[in-house]
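Peer 1: start19.cif (mmCIF, C-alpha atoms) pasted underneath:
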```
data_model
#
loop_
_atom_site.label_atom_id
_atom_site.label_comp_id
_atom_site.auth_asym_id
_atom_site.auth_seq_id
_atom_site.Cartn_x
_atom_site.Cartn_y
_atom_site.Cartn_z
CA MET A 250 0.00 0.00 0.00
CA ALA A 251 1.22 3.47 -0.86
CA ARG A 252 2.20 5.83 1.90
CA VAL A 253 -0.15 8.83 1.80
CA TRP A 254 -1.11 10.88 4.85
CA ILE A 255 -2.92 14.08 5.82
CA GLU A 256 -1.23 16.75 7.89
CA ASP A 257 -3.34 19.27 9.83
CA ARG A 258 -1.42 22.53 9.88
CA ALA A 259 -3.64 24.33 12.44
CA ASP A 260 -0.99 24.14 15.18
CA HIS A 261 1.95 25.15 12.98
CA THR A 262 3.27 28.59 13.84
CA ALA A 263 4.06 29.47 10.22
CA TYR A 264 0.52 28.54 9.18
CA GLN A 265 -1.02 30.67 11.96
CA ARG A 266 1.09 33.64 10.85
CA ALA A 267 0.09 33.13 7.22
CA VAL A 268 -3.61 33.00 8.16
CA ALA A 269 -3.34 36.20 10.22
CA LYS A 270 -1.48 37.97 7.41
CA ALA A 271 -4.03 36.86 4.80
CA LYS A 272 -6.97 37.96 6.94
CA GLN A 273 -5.34 41.32 7.59
CA ALA A 274 -4.86 41.83 3.84
CA GLY A 275 -8.42 40.68 3.10
CA ARG A 276 -7.32 37.58 1.17
CA THR A 277 -8.35 33.95 1.45
CA PRO A 278 -6.20 32.13 4.03
CA PRO A 279 -3.95 29.27 2.85
CA GLY A 280 -5.17 25.68 2.96
CA ARG A 281 -5.25 24.07 6.38
CA TYR A 282 -4.77 20.45 5.35
CA ARG A 283 -1.74 19.14 3.50
CA VAL A 284 -1.87 15.77 1.74
CA ARG A 285 1.63 14.29 1.60
CA TRP A 286 2.98 11.23 -0.18
CA TYR A 287 6.03 9.71 -1.80
CA GLY A 288 5.91 9.32 -5.57
CA PRO A 289 7.12 6.24 -7.42
CA ASP A 290 10.52 7.96 -7.76
CA GLY A 291 10.77 8.15 -3.94
CA LYS A 292 10.56 11.95 -3.82
CA PRO A 293 8.14 13.61 -1.39
CA LYS A 294 5.08 15.32 -2.91
CA MET A 295 2.30 17.41 -1.38
CA LYS A 296 -0.95 19.20 -2.11
CA THR A 297 -2.69 21.70 0.17
CA VAL A 298 -6.49 21.97 0.49
CA GLN A 299 -8.90 23.94 2.67
CA ARG A 300 -11.28 21.25 3.95
CA LYS A 301 -10.62 17.89 5.59
CA VAL A 302 -13.20 16.22 3.35
CA ASP A 303 -11.25 17.38 0.29
CA ALA A 304 -8.00 16.14 1.84
CA GLU A 305 -9.47 12.70 2.49
CA ALA A 306 -10.81 12.49 -1.07
CA GLU A 307 -7.41 13.50 -2.46
CA ARG A 308 -5.66 10.95 -0.26
CA THR A 309 -7.97 8.19 -1.50
CA ARG A 310 -7.45 9.25 -5.13
CA ILE A 311 -3.66 9.29 -4.81
CA GLU A 312 -3.55 5.97 -2.93
CA SER A 313 -5.58 4.25 -5.63
CA ARG A 314 -3.48 5.70 -8.45
CA LEU A 315 -0.22 4.76 -6.73
CA GLY A 316 -1.60 1.29 -6.01
CA ASP A 317 -2.73 0.48 -9.54
CA GLY A 318 0.23 2.13 -11.30
CA SER A 319 -1.71 4.91 -13.06
CA TYR A 320 -0.10 7.71 -11.00
CA ARG A 321 1.20 10.77 -12.85
CA ASP A 322 3.08 13.55 -11.09
CA PRO A 323 0.85 16.67 -11.01
CA ALA A 324 3.89 18.89 -11.58
CA ALA A 325 4.96 17.02 -14.74
#
```
Mind converting the file's structure to structure tokens?

Peer 2:
Amino acid sequence: MARVWIEDRADHTAYQRAVAKAKQAGRTPPGRYRVRWYGPDGKPKMKTVQRKVDAEAERTRIESRLGDGSYRDPAA
């Protein structure tokens, strides 16, 4: 099984600063949840989303693609 996990950034100091800065400027705050995984090449990858439901859906999608061999790097 592929190694894919969700990281909640709510307690990270850098994330809290970024949220405060975005709110002060009247912008949308950065995504709270970060989906992380290792690609077939062994390099770490990540994608940030706002909602936990979206993070879980992304994790499931990536796990299935890594598992069946149809994974393509989003940055490629």

Peer 1: Expressed in Å to a single decimal, how great is the separation between CA of Glu312 (chain A) and CA of Arg252 (chain A)?

Peer 2: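 These two atoms are separated by 7.5 Å.
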
Peer 1: Please list as a PDB file with C-alpha atoms, in the frame of the given file every residue within 6 Å of region 283-291 of chain A, counting only C-alpha atoms and excluding residues in the same chain fewer than 4 positions away.

Peer 2:
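As a result, result-v6.pdb now contains:
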```pdb
ATOM      1  CA  ARG A 252       2.200   5.830   1.900  1.00  0.00           C
ATOM      2  CA  VAL A 253      -0.150   8.830   1.800  1.00  0.00           C
ATOM      3  CA  TRP A 254      -1.110  10.880   4.850  1.00  0.00           C
ATOM      4  CA  ILE A 255      -2.920  14.080   5.820  1.00  0.00           C
ATOM      5  CA  GLU A 256      -1.230  16.750   7.890  1.00  0.00           C
ATOM      6  CA  MET A 295       2.300  17.410  -1.380  1.00  0.00           C
ATOM      7  CA  LYS A 296      -0.950  19.200  -2.110  1.00  0.00           C
ATOM      8  CA  THR A 297      -2.690  21.700   0.170  1.00  0.00           C
TER       9      THR A 297
END
```

Peer 1: For this file, the PyMOL selection byres ((chain A and resi 264-281) around 6) selects which residues, as a PyMOL selection string?

Peer 2: chain A and resi 258+261-263+282+297-299

Peer 1: For the atom pair CA of Asp257 (chain A) and CA of Ser319 (chain A), what is the interatomic distance in Å to one decimal place?

Peer 2: 27.1 Å

Peer 1: Pick the closest to Ala259 (chain A) from A:Lys294, A:Arg321, A:Arg314, A:Arg300: which is it, counting only C-alpha atoms?

Peer 2: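 For Ala259 (chain A), the nearest of the given residues is A:Arg300.
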
Peer 1: Would you mind reading off the distance between CA of Asp317 (chain A) and CA of Pro293 (chain A), one decimal, in Å?

Peer 2: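 CA of Asp317 (chain A) sits 18.9 Å away from CA of Pro293 (chain A).
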
Peer 1: Hey, could you patch up region 294-313 of chain A with N, CA and C atoms and hand it over as a compact mmCIF listing (two decimals), in the coordinates of the input?

Peer 2:
```txt
# COMPACT_ATOMS: atom_id res chain seq x y z
N LYS A 294 6.01 14.46 -2.19
CA LYS A 294 5.08 15.32 -2.91
C LYS A 294 4.05 15.82 -1.91
N MET A 295 3.35 16.92 -2.26
CA MET A 295 2.30 17.41 -1.38
C MET A 295 1.30 18.25 -2.15
N LYS A 296 0.11 18.35 -1.58
CA LYS A 296 -0.95 19.20 -2.11
C LYS A 296 -1.70 19.76 -0.91
N THR A 297 -2.01 21.05 -0.94
CA THR A 297 -2.69 21.70 0.17
C THR A 297 -4.14 22.01 -0.22
N VAL A 298 -5.07 21.71 0.70
CA VAL A 298 -6.49 21.97 0.49
C VAL A 298 -7.09 22.61 1.73
N GLN A 299 -8.26 23.23 1.57
CA GLN A 299 -8.90 23.94 2.67
C GLN A 299 -9.63 23.01 3.64
N ARG A 300 -10.39 22.05 3.10
CA ARG A 300 -11.28 21.25 3.95
C ARG A 300 -10.76 19.83 4.14
N LYS A 301 -11.06 19.25 5.29
CA LYS A 301 -10.62 17.89 5.59
C LYS A 301 -11.26 16.88 4.64
N VAL A 302 -12.51 17.12 4.27
CA VAL A 302 -13.20 16.22 3.35
C VAL A 302 -12.46 16.16 2.01
N ASP A 303 -12.00 17.32 1.54
CA ASP A 303 -11.25 17.38 0.29
C ASP A 303 -9.91 16.66 0.43
N ALA A 304 -9.28 16.81 1.60
CA ALA A 304 -8.00 16.14 1.84
C ALA A 304 -8.17 14.62 1.85
N GLU A 305 -9.23 14.14 2.46
CA GLU A 305 -9.47 12.70 2.49
C GLU A 305 -9.76 12.16 1.09
N ALA A 306 -10.52 12.91 0.30
CA ALA A 306 -10.81 12.49 -1.07
C ALA A 306 -9.53 12.46 -1.90
N GLU A 307 -8.69 13.46 -1.73
CA GLU A 307 -7.41 13.50 -2.46
C GLU A 307 -6.51 12.36 -2.04
N ARG A 308 -6.46 12.07 -0.75
CA ARG A 308 -5.66 10.95 -0.26
C ARG A 308 -6.12 9.63 -0.88
N THR A 309 -7.42 9.41 -0.91
CA THR A 309 -7.97 8.19 -1.50
C THR A 309 -7.62 8.10 -2.98
N ARG A 310 -7.75 9.22 -3.70
CA ARG A 310 -7.45 9.25 -5.13
C ARG A 310 -5.98 8.93 -5.39
N ILE A 311 -5.10 9.52 -4.62
CA ILE A 311 -3.66 9.29 -4.81
C ILE A 311 -3.28 7.86 -4.44
N GLU A 312 -3.84 7.35 -3.32
CA GLU A 312 -3.55 5.97 -2.93
C GLU A 312 -3.96 4.99 -4.01
N SER A 313 -5.13 5.19 -4.60
CA SER A 313 -5.58 4.25 -5.63
C SER A 313 -4.71 4.34 -6.88
```
